[in-house]
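To be precise, the following lines are final.cif, and they hold mmCIF, C-alpha atoms.
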data_start
loop_
_atom_site.label_atom_id
_atom_site.label_comp_id
_atom_site.auth_asym_id
_atom_site.auth_seq_id
_atom_site.Cartn_x
_atom_site.Cartn_y
_atom_site.Cartn_z
CA MET X 89 5.77 -1.48 36.75
CA SER X 90 7.24 1.80 35.54
CA LEU X 91 6.87 3.15 32.05
CA GLY X 92 10.56 2.71 31.46
CA THR X 93 10.23 -1.04 31.54
CA LEU X 94 7.29 -1.08 29.18
CA THR X 95 8.00 -2.03 25.62
CA CYS X 96 6.40 -0.14 22.79
CA VAL X 97 3.97 -2.96 22.12
CA ALA X 98 2.82 -3.10 25.73
CA LEU X 99 2.33 0.64 25.74
CA GLY X 100 0.18 0.44 22.62
CA GLU X 101 -1.87 -2.30 24.23
CA LEU X 102 -2.28 -0.19 27.36
CA GLU X 103 -3.40 2.83 25.36
CA ARG X 104 -6.00 0.64 23.67
CA ALA X 105 -7.26 -0.63 27.00
CA VAL X 106 -7.47 2.87 28.49
CA MET X 107 -9.25 4.16 25.40
CA ALA X 108 -11.73 1.27 25.59
CA GLN X 109 -12.61 2.38 29.13
CA LEU X 110 -13.15 5.97 28.05
CA TRP X 111 -15.29 4.87 25.12
CA SER X 112 -17.50 2.69 27.29
CA ALA X 113 -17.88 5.28 30.06
CA ASP X 114 -20.95 7.47 30.35
CA GLY X 115 -18.98 10.62 31.06
CA PRO X 116 -15.47 11.93 31.68
CA LEU X 117 -13.37 9.83 34.06
CA THR X 118 -10.64 10.69 36.53
CA VAL X 119 -7.33 8.88 36.49
CA ARG X 120 -8.54 7.01 39.58
CA ASP X 121 -11.73 5.92 37.76
CA VAL X 122 -9.75 4.59 34.80
CA HIS X 123 -7.27 2.91 37.10
CA ASP X 124 -10.06 1.13 39.00
CA ARG X 125 -11.94 0.12 35.87
CA LEU X 126 -8.87 -1.43 34.28
CA GLU X 127 -8.68 -4.10 36.98
CA ARG X 128 -5.00 -4.72 36.41
CA GLU X 129 -1.82 -4.52 38.43
CA LEU X 130 -0.91 -1.05 37.27
CA ALA X 131 0.59 1.91 39.04
CA TYR X 132 -1.64 4.97 39.28
CA THR X 133 1.14 7.03 37.66
CA THR X 134 1.28 4.65 34.69
CA VAL X 135 -2.40 5.24 33.97
CA MET X 136 -1.83 8.97 34.38
CA THR X 137 1.07 8.88 31.93
CA VAL X 138 -0.93 6.93 29.36
CA LEU X 139 -3.82 9.39 29.63
CA GLY X 140 -1.37 12.25 29.28
CA ARG X 141 0.09 10.70 26.14
CA LEU X 142 -3.34 10.22 24.61
CA ALA X 143 -4.26 13.82 25.47
CA LYS X 144 -1.05 15.06 23.86
CA LYS X 145 -1.94 13.17 20.71
CA GLY X 146 -5.30 14.92 20.67
CA LEU X 147 -7.22 11.66 21.07
CA VAL X 148 -8.37 12.37 24.61
CA ARG X 149 -9.89 15.54 26.04
CA GLN X 150 -8.69 16.77 29.40
CA GLU X 151 -10.95 18.94 31.50
CA ARG X 152 -10.45 20.42 34.90
CA ASP X 153 -12.96 19.43 37.56
CA GLY X 154 -12.11 21.09 40.84
CA LYS X 155 -8.72 19.80 41.86
CA ALA X 156 -8.63 16.78 39.57
CA TYR X 157 -8.56 16.35 35.84
CA ARG X 158 -11.24 14.35 34.06
CA TYR X 159 -10.60 12.60 30.77
CA ALA X 160 -12.93 11.76 27.89
CA ALA X 161 -12.43 10.37 24.40
CA ALA X 162 -12.20 13.24 21.93
CA SER X 163 -14.42 11.36 19.51
CA SER X 164 -16.52 8.23 19.64
CA ARG X 165 -15.15 5.00 18.29
CA GLU X 166 -17.44 5.25 15.26
CA GLN X 167 -16.35 8.80 14.53
CA MET X 168 -12.73 7.78 14.73
CA ALA X 169 -13.31 4.80 12.44
CA ALA X 170 -15.03 7.07 9.93
CA GLU X 171 -12.19 9.59 10.13
CA VAL X 172 -9.65 6.84 9.51
CA MET X 173 -11.52 5.56 6.48
CA ILE X 174 -12.01 9.00 4.98
CA ASP X 175 -8.39 9.84 5.58
CA ALA X 176 -7.23 6.58 4.01
CA LEU X 177 -9.26 7.31 0.91
CA GLY X 178 -8.39 11.00 0.97
CA ASP X 179 -4.73 10.13 0.66
CA VAL X 180 -5.46 9.25 -2.96
CA GLY X 181 -6.60 12.71 -3.88
CA GLU X 182 -6.57 15.86 -1.81
CA ASP X 183 -10.23 16.76 -1.97
CA ARG X 184 -12.10 15.76 1.19
CA THR X 185 -15.52 15.99 -0.44
CA ALA X 186 -14.40 13.72 -3.23
CA ALA X 187 -12.98 11.36 -0.63
CA LEU X 188 -16.32 11.31 1.18
CA VAL X 189 -18.21 10.56 -2.01
CA ALA X 190 -15.72 7.84 -2.86
CA PHE X 191 -16.09 6.44 0.65
CA VAL X 192 -19.87 6.16 0.48
CA ASP X 193 -19.55 4.84 -3.06
CA ARG X 194 -17.14 2.21 -2.00
CA VAL X 195 -18.26 0.90 1.33
CA GLY X 196 -21.92 0.42 0.58
CA PRO X 197 -25.01 1.24 2.63
CA GLU X 198 -24.00 -0.26 5.97
CA GLU X 199 -20.84 1.79 6.56
CA ALA X 200 -22.41 4.82 4.95
CA ASP X 201 -25.12 4.65 7.61
CA ALA X 202 -22.56 4.35 10.36
CA LEU X 203 -20.77 7.34 8.89
CA ARG X 204 -23.97 9.37 8.74
CA ARG X 205 -24.70 8.54 12.38
CA ALA X 206 -21.16 9.48 13.32
CA LEU X 207 -21.44 12.79 11.50
CA ASP X 208 -24.80 13.53 13.10
CA THR X 209 -23.38 13.16 16.59
CA PRO X 210 -22.02 16.57 17.56
CA PRO X 211 -18.26 16.31 17.97
CA GLN X 212 -17.40 17.59 21.44
CA GLY X 213 -14.33 19.63 20.78
CA MET X 214 -13.00 16.97 18.47
CA PRO X 215 -9.71 18.18 17.04
CA ARG X 216 -9.83 18.44 13.28
CA SER X 217 -7.29 16.55 11.26
CA PRO X 218 -4.49 18.85 10.12
CA GLU X 219 -5.47 18.45 6.48
CA SER X 220 -8.89 20.07 6.80
CA MET P 72 18.09 31.99 -28.78
CA ALA P 73 18.46 29.91 -25.62
CA SER P 74 15.36 31.44 -24.09
CA VAL P 75 13.24 30.48 -27.10
CA TRP P 76 14.49 26.90 -26.96
CA LEU P 77 14.01 26.63 -23.22
CA THR P 78 10.51 28.11 -23.33
CA GLY P 79 9.56 25.75 -26.14
CA LEU P 80 11.00 22.80 -24.25
CA ALA P 81 9.18 23.76 -21.05
CA LEU P 82 5.87 24.05 -22.90
CA VAL P 83 6.29 20.71 -24.69
CA LEU P 84 7.30 18.93 -21.48
CA ALA P 85 4.41 20.47 -19.54
CA GLY P 86 1.72 19.85 -22.14
CA PRO P 87 1.84 17.34 -24.98
CA VAL P 88 4.48 15.00 -23.50
CA PRO P 89 2.58 14.21 -20.26
CA ALA P 90 -0.67 13.98 -22.22
CA LEU P 91 0.81 11.37 -24.55
CA LEU P 92 2.64 9.52 -21.79
CA ALA P 93 -0.53 9.33 -19.67
CA ARG P 94 -2.45 7.80 -22.55
CA ALA P 95 0.24 5.35 -23.67
CA ARG P 96 -0.15 1.65 -22.88
CA TRP P 97 3.47 0.54 -22.99
CA PRO P 98 4.39 2.04 -19.56
CA ARG P 99 2.23 -0.67 -17.94
CA ALA P 100 4.70 -3.27 -19.16
CA VAL P 101 7.63 -1.55 -17.45
CA PRO P 102 6.27 0.43 -14.50
CA ARG P 103 9.60 1.07 -12.81
CA ALA P 104 11.25 2.52 -15.92
CA ALA P 105 8.10 4.46 -16.75
CA ILE P 106 8.08 6.10 -13.31
CA VAL P 107 11.70 7.14 -13.78
CA LEU P 108 10.75 8.61 -17.18
CA TRP P 109 7.89 10.56 -15.58
CA GLN P 110 10.30 11.92 -12.99
CA ALA P 111 12.75 12.92 -15.73
CA VAL P 112 9.99 14.68 -17.67
CA ALA P 113 8.94 16.56 -14.54
CA ALA P 114 12.50 17.52 -13.62
CA ALA P 115 13.33 18.60 -17.18
CA ALA P 116 10.11 20.63 -17.41
CA VAL P 117 10.84 22.49 -14.18
CA LEU P 118 14.49 23.07 -15.17
CA ALA P 119 13.46 24.32 -18.61
CA ALA P 120 10.89 26.66 -17.10
CA VAL P 121 13.43 28.06 -14.64
CA GLY P 122 15.99 28.34 -17.46
CA SER P 123 13.62 30.19 -19.73
CA ALA P 124 12.69 32.56 -16.92
CA LEU P 125 16.39 33.27 -16.39
CA ALA P 126 17.21 33.68 -20.07
CA ALA P 127 14.19 35.62 -21.30
CA PRO P 128 14.97 39.11 -19.89
CA GLU P 129 18.51 38.97 -21.18
CA ALA P 130 17.27 37.87 -24.60
CA LEU P 131 14.80 40.73 -24.64
CA LEU P 132 17.57 43.13 -23.78
CA ARG P 133 19.60 41.78 -26.69
CA VAL P 134 16.78 42.34 -29.13
CA LEU P 135 15.96 45.83 -27.89
CA THR P 136 19.38 47.35 -27.36
CA HIS P 137 22.72 47.88 -28.99
CA PRO P 138 25.62 45.86 -27.52
CA ARG P 139 27.19 49.05 -26.12
CA GLU P 140 24.08 49.86 -24.12
CA ARG P 141 23.97 46.42 -22.59
CA THR P 142 25.72 47.45 -19.41
CA GLY P 143 24.89 49.18 -16.21
CA PHE P 144 21.29 49.88 -15.37
CA PRO P 145 19.41 48.01 -18.17
CA LEU P 146 21.50 44.91 -17.55
CA LEU P 147 20.88 45.17 -13.84
CA ILE P 148 17.13 45.33 -14.43
CA ALA P 149 17.27 42.35 -16.79
CA VAL P 150 19.19 40.30 -14.25
CA GLY P 151 16.77 41.36 -11.53
CA VAL P 152 13.68 40.42 -13.52
CA ALA P 153 15.26 37.08 -14.41
CA ALA P 154 16.01 36.35 -10.79
CA VAL P 155 12.47 37.21 -9.69
CA LEU P 156 10.83 35.11 -12.43
CA ALA P 157 13.00 32.07 -11.73
CA GLY P 158 12.65 32.60 -8.00
CA LEU P 159 8.87 32.57 -8.26
CA ILE P 160 8.90 29.12 -9.83
CA VAL P 161 11.45 27.67 -7.42
CA VAL P 162 9.96 29.22 -4.27
CA ARG P 163 6.44 28.21 -5.25
CA LEU P 164 7.44 24.59 -5.85
CA PHE P 165 9.55 24.23 -2.74
CA GLY P 166 7.07 26.08 -0.59
CA VAL P 167 4.32 23.71 -1.62
CA LEU P 168 6.60 20.72 -1.21
CA VAL P 169 7.58 21.64 2.35
CA LEU P 170 4.01 22.47 3.37
CA LEU P 171 2.73 19.22 1.88
CA ALA P 172 5.48 17.22 3.57
CA VAL P 173 4.70 18.71 6.99
CA ARG P 174 0.95 18.27 6.64
CA THR P 175 1.24 14.74 5.30
CA ARG P 176 3.46 13.69 8.19
CA MET P 177 1.14 15.23 10.76
CA ARG P 178 -1.83 13.50 9.17
CA ARG P 179 -0.01 10.20 9.08
CA ALA P 180 1.03 10.44 12.72
CA ARG P 181 -2.60 10.97 13.71
CA HIS P 182 -3.71 8.21 11.37
CA ARG P 183 -1.24 5.76 12.88
CA ASP P 184 -2.39 6.68 16.39
CA MET P 185 -6.03 6.15 15.48
CA VAL P 186 -5.39 2.90 13.64
CA ASP P 187 -3.44 1.58 16.63
CA LEU P 188 -6.36 2.36 18.94
CA LEU P 189 -9.04 0.97 16.65
CA ALA P 190 -7.24 -2.21 15.68
CA ARG P 191 -8.54 -5.56 16.79
CA ALA P 192 -5.66 -6.63 18.96
CA GLU P 193 -6.42 -10.34 18.93
CA GLN P 194 -6.20 -10.54 15.16
CA ASN P 195 -3.04 -8.57 14.68
CA ASP P 196 -0.82 -11.59 14.49
CA ALA P 197 -3.15 -13.62 12.31
CA VAL P 198 -0.82 -13.20 9.38
CA GLY P 199 2.83 -13.55 10.19
CA SER P 200 4.31 -12.55 6.85
CA LEU P 201 5.42 -9.02 7.61
CA ARG P 202 9.00 -7.93 7.78
CA ALA P 203 10.42 -6.39 10.93
CA GLY P 204 9.62 -2.70 11.10
CA THR P 205 6.08 -3.12 9.85
CA VAL P 206 2.97 -3.73 11.89
CA LEU P 207 -0.29 -5.22 10.66
CA ARG P 208 -3.49 -3.61 11.88
CA VAL P 209 -6.92 -5.14 11.38
CA LEU P 210 -9.88 -2.77 11.44
CA ASP P 211 -13.57 -3.61 11.55
CA GLY P 212 -15.15 -3.26 8.16
CA ALA P 213 -17.48 -5.21 5.95
CA VAL P 214 -15.64 -4.36 2.76
CA PRO P 215 -12.27 -5.73 1.64
CA PHE P 216 -9.85 -2.85 1.80
CA ALA P 217 -6.11 -2.60 2.36
CA TYR P 218 -3.58 0.20 2.49
CA CYS P 219 -0.37 1.22 4.18
CA VAL P 220 0.76 4.16 6.27
CA PRO P 221 4.49 4.87 6.19
CA GLY P 222 6.11 5.35 9.56
CA ARG P 223 8.43 8.12 10.54
CA VAL P 224 12.08 7.45 9.77
CA GLY P 225 13.15 4.66 12.06
CA ARG P 226 9.59 4.03 13.23
CA GLU P 227 7.17 1.33 12.27
CA GLY P 228 4.97 1.60 9.20
CA ARG P 229 1.48 0.15 9.30
CA VAL P 230 -0.22 -2.21 6.90
CA VAL P 231 -3.94 -1.82 7.47
CA VAL P 232 -6.58 -4.31 6.32
CA THR P 233 -10.26 -4.64 7.15
CA GLY P 234 -11.71 -7.72 8.78
CA ALA P 235 -13.53 -8.42 5.53
CA THR P 236 -10.16 -8.66 3.80
CA LEU P 237 -9.17 -11.51 6.12
CA ASP P 238 -12.52 -13.23 5.60
CA THR P 239 -12.73 -12.84 1.84
CA LEU P 240 -9.19 -13.45 0.65
CA GLY P 241 -7.47 -16.80 0.54
CA PRO P 242 -4.16 -17.20 2.39
CA ASP P 243 -2.07 -16.72 -0.76
CA GLU P 244 -4.11 -13.73 -1.83
CA LEU P 245 -3.74 -12.13 1.59
CA SER P 246 0.01 -12.73 1.52
CA ALA P 247 0.17 -11.13 -1.93
CA VAL P 248 -1.72 -8.07 -0.68
CA ILE P 249 0.61 -7.72 2.27
CA ALA P 250 3.66 -8.13 0.02
CA HIS P 251 2.15 -5.39 -2.18
CA GLU P 252 1.78 -2.99 0.75
CA GLN P 253 5.18 -3.95 2.11
CA ALA P 254 6.69 -3.05 -1.28
CA HIS P 255 5.10 0.40 -1.06
CA LEU P 256 6.65 0.89 2.38
CA ASP P 257 10.09 -0.57 1.58
CA ALA P 258 10.61 1.44 -1.60
CA ARG P 259 9.10 4.62 -0.12
CA HIS P 260 6.63 4.94 -2.98
CA ASP P 261 4.93 7.65 -0.92
CA LEU P 262 7.88 9.98 -1.57
CA VAL P 263 7.55 9.55 -5.34
CA ARG P 264 3.86 10.27 -5.11
CA GLU P 265 4.41 13.23 -2.84
CA GLY P 266 6.69 14.82 -5.45
CA PHE P 267 4.03 14.63 -8.14
CA THR P 268 1.30 15.76 -5.76
CA ALA P 269 3.40 18.80 -4.89
CA LEU P 270 3.98 19.52 -8.58
CA HIS P 271 0.24 19.41 -9.17
CA LYS P 272 -0.55 21.61 -6.18
CA ALA P 273 2.11 24.13 -7.21
CA PHE P 274 1.10 24.26 -10.89
CA PRO P 275 -2.46 22.94 -11.06
CA VAL P 276 -3.55 24.57 -14.30
CA VAL P 277 -0.56 25.39 -16.44
CA ALA P 278 0.80 21.91 -16.86
CA ARG P 279 -0.69 18.47 -17.25
CA SER P 280 0.28 17.87 -13.66
CA ARG P 281 -2.93 16.07 -12.70
CA GLU P 282 -2.46 13.49 -15.41
CA ALA P 283 1.14 13.06 -14.32
CA ARG P 284 0.18 12.54 -10.68
CA ASP P 285 -2.56 10.03 -11.47
CA ALA P 286 -0.50 8.11 -14.02
CA VAL P 287 2.40 7.80 -11.59
CA ALA P 288 0.06 6.70 -8.80
CA LEU P 289 -1.26 3.89 -11.00
CA LEU P 290 2.24 2.86 -12.07
CA LEU P 291 3.29 2.69 -8.40
CA GLU P 292 0.37 0.33 -7.73
CA MET P 293 1.48 -1.83 -10.65
CA LEU P 294 5.04 -1.84 -9.35
CA ALA P 295 3.79 -3.03 -5.96
CA ASP P 296 1.58 -5.61 -7.70
CA ASP P 297 4.69 -6.97 -9.38
CA ALA P 298 6.33 -7.38 -5.97
CA GLY P 299 3.30 -9.37 -4.81
CA ARG P 300 3.41 -11.47 -7.98
CA ARG P 301 7.09 -12.25 -7.58
CA ARG P 302 6.62 -13.51 -4.03
CA HIS P 303 3.23 -15.22 -4.23
CA GLY P 304 2.40 -15.71 -7.88
CA ASP P 305 0.17 -14.11 -10.50
CA ASP P 306 -2.94 -15.99 -9.43
CA ALA P 307 -2.74 -14.82 -5.83
CA MET P 308 -2.24 -11.16 -6.76
CA ALA P 309 -4.92 -11.15 -9.47
CA GLY P 310 -7.32 -13.01 -7.18
CA ALA P 311 -6.86 -10.41 -4.46
CA LEU P 312 -7.54 -7.60 -6.92
CA ASP P 313 -10.64 -9.48 -8.03
CA ALA P 314 -11.89 -9.43 -4.44
CA PHE P 315 -11.16 -5.73 -4.12
CA ALA P 316 -12.91 -5.04 -7.42
CA SER P 317 -15.98 -7.05 -6.43
CA ARG P 318 -16.76 -4.66 -3.59
CA GLY P 319 -18.22 -2.60 -6.41
CA GLY P 320 -18.19 1.11 -6.67
CA GLU P 321 -17.58 3.16 -9.72
CA GLY P 322 -15.15 5.76 -10.86
CA THR P 323 -11.53 5.77 -11.80
CA GLU P 324 -10.30 3.92 -8.73
CA HIS P 325 -12.49 0.96 -9.44
CA ASP P 326 -11.42 1.04 -13.08
CA ASP P 327 -7.80 1.13 -12.01
CA VAL P 328 -8.19 -2.03 -9.93
CA LEU P 329 -9.72 -3.81 -12.90
CA LEU P 330 -6.97 -2.51 -15.15
CA ARG P 331 -4.33 -3.87 -12.77
CA ARG P 332 -6.06 -7.24 -12.53
CA ASP P 333 -6.32 -7.57 -16.31
CA ARG P 334 -2.70 -6.56 -16.68
CA ILE P 335 -1.66 -9.45 -14.44
CA ARG P 336 -4.00 -11.91 -16.13
CA ALA P 337 -2.64 -10.91 -19.53
CA HIS P 338 0.92 -11.41 -18.21
CA VAL P 339 1.95 -8.00 -19.42
CA GLN P 340 5.67 -7.83 -18.98
CA GLY P 341 8.13 -5.62 -20.77
CA GLY P 342 11.46 -6.75 -22.16
CA ARG P 343 14.84 -5.59 -20.92
CA ALA P 344 15.41 -3.65 -24.15
CA LEU P 345 12.34 -1.52 -23.58
CA SER P 346 13.40 -0.75 -20.01
CA VAL P 347 16.95 0.20 -21.03
CA GLY P 348 15.60 2.39 -23.82
CA ILE P 349 13.33 4.22 -21.40
CA TYR P 350 16.08 4.74 -18.83
CA LEU P 351 18.34 6.18 -21.56
CA ALA P 352 15.54 8.46 -22.71
CA ALA P 353 15.04 9.64 -19.12
CA VAL P 354 18.73 10.49 -18.72
CA ALA P 355 18.82 12.19 -22.13
CA LEU P 356 15.81 14.30 -21.24
CA VAL P 357 17.69 15.93 -18.38
CA VAL P 358 21.24 15.90 -19.76
CA VAL P 359 20.85 16.86 -23.44
CA PRO P 360 19.09 20.21 -22.91
CA THR P 361 21.64 21.09 -20.26
CA ILE P 362 24.57 20.46 -22.59
CA THR P 363 23.12 21.87 -25.80
CA ILE P 364 21.22 24.89 -24.49
CA VAL P 365 22.08 25.85 -20.96
CA ILE P 366 25.88 25.58 -20.99
CA PRO P 367 26.38 27.58 -24.23
CA TRP P 368 23.95 30.19 -22.98
CA LEU P 369 25.66 30.46 -19.61
CA THR P 370 29.07 30.84 -21.25
CA ASP P 371 27.66 33.44 -23.56
CA ALA P 372 25.87 35.32 -20.82
CA LEU P 373 28.92 35.37 -18.56
CA GLN P 374 31.00 36.79 -21.39
CA GLY P 375 28.36 39.47 -21.91
CA LEU P 376 28.70 40.49 -18.29
CA ARG P 377 32.33 41.47 -18.75
CA PRO P 378 32.80 45.18 -19.20
CA LEU P 379 33.37 46.06 -22.82
#
How does the structure come out when it is put into structure tokens?
Amino acid sequence: MSLGTLTCVALGELERAVMAQLWSADGPLTVRDVHDRLERELAYTTVMTVLGRLAKKGLVRQERDGKAYRYAAASSREQMAAEVMIDALGDVGEDRTAALVAFVDRVGPEEADALRRALDTPPQGMPRSPES
Amino acid sequence: MASVWLTGLALVLAGPVPALLARARWPRAVPRAAIVLWQAVAAAAVLAAVGSALAAPEALLRVLTHPRERTGFPLLIAVGVAAVLAGLIVVRLFGVLVLLAVRTRMRRARHRDMVDLLARAEQNDAVGSLRAGTVLRVLDGAVPFAYCVPGRVGREGRVVVTGATLDTLGPDELSAVIAHEQAHLDARHDLVREGFTALHKAFPVVARSREARDAVALLLEMLADDAGRRRHGDDAMAGALDAFASRGGEGTEHDDVLLRRDRIRAHVQGGRALSVGIYLAAVALVVVPTITIVIPWLTDALQGLRPL
């Protein structure tokens, strides 16, 4: 299956599946690793293209390891969820601190804890959102 | 004389008028017309400010000099100062607008990417009441929460809800919420809001631009509420807002949700006459100063430029 025949929806689904593998992995993975873990009838180049797309979007980190590239999620799932929530609330005003306060105020203790944990984890070269 | 009028108009439209309009209750009955009025006030204020910047140096020259001296170098300086003053306002506003537009679109692109990755795929089609060109995304979350992210031109916008929204809201309420978000996306409410955000960023202190931005944001929510009410009824929309309000929290946003719920429960609805009156006022706000002040001044000023 080539990328050309993939519809947008299928591509989104594939990106989600690839990202799930990176999130559940202990460390950076090669294209081959991701391809094997996916356990699907996919061309190696398709997986490579999807990883390339995710890297271009800044969601995946690409690092050179000898001859091959290794890929890792730029941020954990929790960090990404927190960023999405803060951004969604921040759209109301423009002040990120205010958005954070509003977030904690709004979501209650459970999510606030998750957010705190996410913020405590050092972001490994996590690209900042353009607004910051 | 024109410069005095224009300066006065700019000050009134930047200060007392927005302050009064933000505090008034009647706009809630006619959100669409009220938003148009806000836009007219903003446009007229900016035009008046630019006009007064253009007219002031020439007026000063008139006061200080004899008509015979009003040629050559002094006139050139007056024209130059006018151009710089007016240019400052225009460049500042458009610079901020462009920067905001670029940043907002970059942020949204990233937000859409992240939402797509985080979404629970198996629940995406749980509610099939979206129009083509919009995608529903369900995120994990213990608190009812819904919003939309406009897509790029020709691309899909996203309506995002938390899992708790699906669990807490009844089917009608959920449909009303989605119709509300869809209305935001269809009518490009984000562009209206962006204009007022830019105005506030460009002139944060001088004018009542914060009040304007917040009042318009609330009116846009009410406008979208009305779309939800039309399609799924008052009870569904008010019930959904009840659920959103019950997640607690304090501050103006929480108050705004309550305000919107009470507005629906009270069946606040403005008459046609009120709407028409507001639309006429909005048009007059932009047109009347142009005809009565700007055109006579321009004619006058152009005549003054002719060599005596």
Item to check | Residue members of the PyMOL selection byres ((chain P and resi 267-284) around 7) in the file shown, as a PyMOL selection string | outcome: chain P and resi 85-86+89-90+93+163-164+167-168+171+263-266+285-288
Saved selection, atoms kept: C-alpha atoms, as a PDB file, keeping the file's coordinate frame:
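Saved the output as part.pdb:
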ATOM      1  CA  ALA P  85       4.410  20.470 -19.540  1.00  0.00           C
ATOM      2  CA  GLY P  86       1.720  19.850 -22.140  1.00  0.00           C
ATOM      3  CA  PRO P  89       2.580  14.210 -20.260  1.00  0.00           C
ATOM      4  CA  ALA P  90      -0.670  13.980 -22.220  1.00  0.00           C
ATOM      5  CA  ALA P  93      -0.530   9.330 -19.670  1.00  0.00           C
ATOM      6  CA  ARG P 163       6.440  28.210  -5.250  1.00  0.00           C
ATOM      7  CA  LEU P 164       7.440  24.590  -5.850  1.00  0.00           C
ATOM      8  CA  VAL P 167       4.320  23.710  -1.620  1.00  0.00           C
ATOM      9  CA  LEU P 168       6.600  20.720  -1.210  1.00  0.00           C
ATOM     10  CA  LEU P 171       2.730  19.220   1.880  1.00  0.00           C
ATOM     11  CA  VAL P 263       7.550   9.550  -5.340  1.00  0.00           C
ATOM     12  CA  ARG P 264       3.860  10.270  -5.110  1.00  0.00           C
ATOM     13  CA  GLU P 265       4.410  13.230  -2.840  1.00  0.00           C
ATOM     14  CA  GLY P 266       6.690  14.820  -5.450  1.00  0.00           C
ATOM     15  CA  ASP P 285      -2.560  10.030 -11.470  1.00  0.00           C
ATOM     16  CA  ALA P 286      -0.500   8.110 -14.020  1.00  0.00           C
ATOM     17  CA  VAL P 287       2.400   7.800 -11.590  1.00  0.00           C
ATOM     18  CA  ALA P 288       0.060   6.700  -8.800  1.00  0.00           C
TER      19      ALA P 288
END
To test your reading of the syntax: which residues would the PyMOL selection byres ((chain P and resi 216-228) around 6) return for the file shown? Reply as an mmCIF file with C-alpha atoms, in the frame of the given file.
data_model
loop_
_atom_site.group_PDB
_atom_site.id
_atom_site.type_symbol
_atom_site.label_atom_id
_atom_site.label_comp_id
_atom_site.auth_asym_id
_atom_site.auth_seq_id
_atom_site.Cartn_x
_atom_site.Cartn_y
_atom_site.Cartn_z
ATOM 1 C CA GLY P 204 9.620 -2.700 11.100
ATOM 2 C CA THR P 205 6.080 -3.120 9.850
ATOM 3 C CA PRO P 215 -12.270 -5.730 1.640
ATOM 4 C CA ARG P 229 1.480 0.150 9.300
ATOM 5 C CA VAL P 230 -0.220 -2.210 6.900
ATOM 6 C CA VAL P 231 -3.940 -1.820 7.470
ATOM 7 C CA VAL P 232 -6.580 -4.310 6.320
ATOM 8 C CA THR P 233 -10.260 -4.640 7.150
ATOM 9 C CA GLU P 252 1.780 -2.990 0.750
ATOM 10 C CA LEU P 256 6.650 0.890 2.380
#
Checklist entry - Do you know which residues the PyMOL selection byres ((chain P and resi 292) around 10) returns on this file, as a count of residues only? => result 20
Item to check | Close residues, Val186 in chain P itself excluded, 8 Å, only C-alpha atoms, min 5 positions apart in chain, as a VMD selection string | outcome: (chain X and resid 172) or (chain P and resid 208 210 231)
Checklist entry - Nearest to Ala162 in chain X: which of X:Ala113, X:Ala143, X:Leu177, X:Ala105 is it, counting all atoms listed in the file? => result X:Ala143
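Taking CA of Ala120 in chain P and CA of Ala81 in chain P as the two end points, the separation is 5.2 Å.
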Next on the checklist: Could you list, as a list in words, every residue within 12 Å of Ala154 in chain P, counting only C-alpha atoms and ignoring same-chain residues fewer than 5 positions away?
Outcome noted: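 After dropping sequence-adjacent residues, the list is Val121, Gly122, Ser123, Ala124, Leu125, Ala126, Ala127, Pro128, Glu129, Leu147, Ile148, Ala149, Leu159, Ile160, Val161 and Val162 of chain P.
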Next on the checklist: Just want the 8 Å neighbourhood of Leu188 in chain P, counted on only C-alpha atoms, with same-chain residues fewer than 4 positions away dropped. Output as a ChimeraX atom specification.
Outcome noted: /X:100,103-104,107 /P:184
Same residues, C-alpha atoms, output as an mmCIF file, in the frame of the given file:
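Result went into selection.cif, see below:
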data_model
loop_
_atom_site.group_PDB
_atom_site.id
_atom_site.type_symbol
_atom_site.label_atom_id
_atom_site.label_comp_id
_atom_site.auth_asym_id
_atom_site.auth_seq_id
_atom_site.Cartn_x
_atom_site.Cartn_y
_atom_site.Cartn_z
ATOM 1 C CA GLY X 100 0.180 0.440 22.620
ATOM 2 C CA GLU X 103 -3.400 2.830 25.360
ATOM 3 C CA ARG X 104 -6.000 0.640 23.670
ATOM 4 C CA MET X 107 -9.250 4.160 25.400
ATOM 5 C CA ASP P 184 -2.390 6.680 16.390
#
Item to check | Shortest interatomic distance to chain P - which of X:Arg149, X:Arg120, X:Lys155, X:Arg141, counting only C-alpha atoms | outcome: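 Selected residue with least distance to chain P: X:Arg141.
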Checklist outcome for this item: From CA of Val107 in chain P to CA of Val358 in chain P the spacing works out at 14.3 Å
Item to check | Å distance separating CA of Ile366 in chain P from CA of Ala153 in chain P, one decimal place | outcome: 17.0 Å
Checklist entry - Using only C-alpha atoms, which of the listed residues (P:His338, P:His137, P:Arg94, P:Arg183) sits closest to Gly304 in chain P? => result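 Answer, going by the shortest atom-to-atom distance: P:His338.
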To test the calculation: enclose all listed atoms of range 137-152 of chain X in a box whose edges run along x, y and z, add 5 Å on each side, then state centre and edge lengths in Å to one decimal, as lines of an AutoDock Vina configuration file.
center_x = -4.9
center_y = 13.7
center_z = 27.8
size_x = 22.0
size_y = 23.5
size_z = 24.2
Tell me, as a compact mmCIF listing (two decimals) with C-alpha atoms, in the frame of the given file, which residues lie within 10 Å of Glu151 in chain X, counting all atoms listed in the file; anything in the same chain fewer than 5 positions away does not count.
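Result file is part_13.txt:
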# COMPACT_ATOMS: atom_id res chain seq x y z
CA PRO X 116 -15.47 11.93 31.68
CA LEU X 117 -13.37 9.83 34.06
CA THR X 118 -10.64 10.69 36.53
CA ALA X 156 -8.63 16.78 39.57
CA TYR X 157 -8.56 16.35 35.84
CA ARG X 158 -11.24 14.35 34.06
CA TYR X 159 -10.60 12.60 30.77
CA ALA X 160 -12.93 11.76 27.89
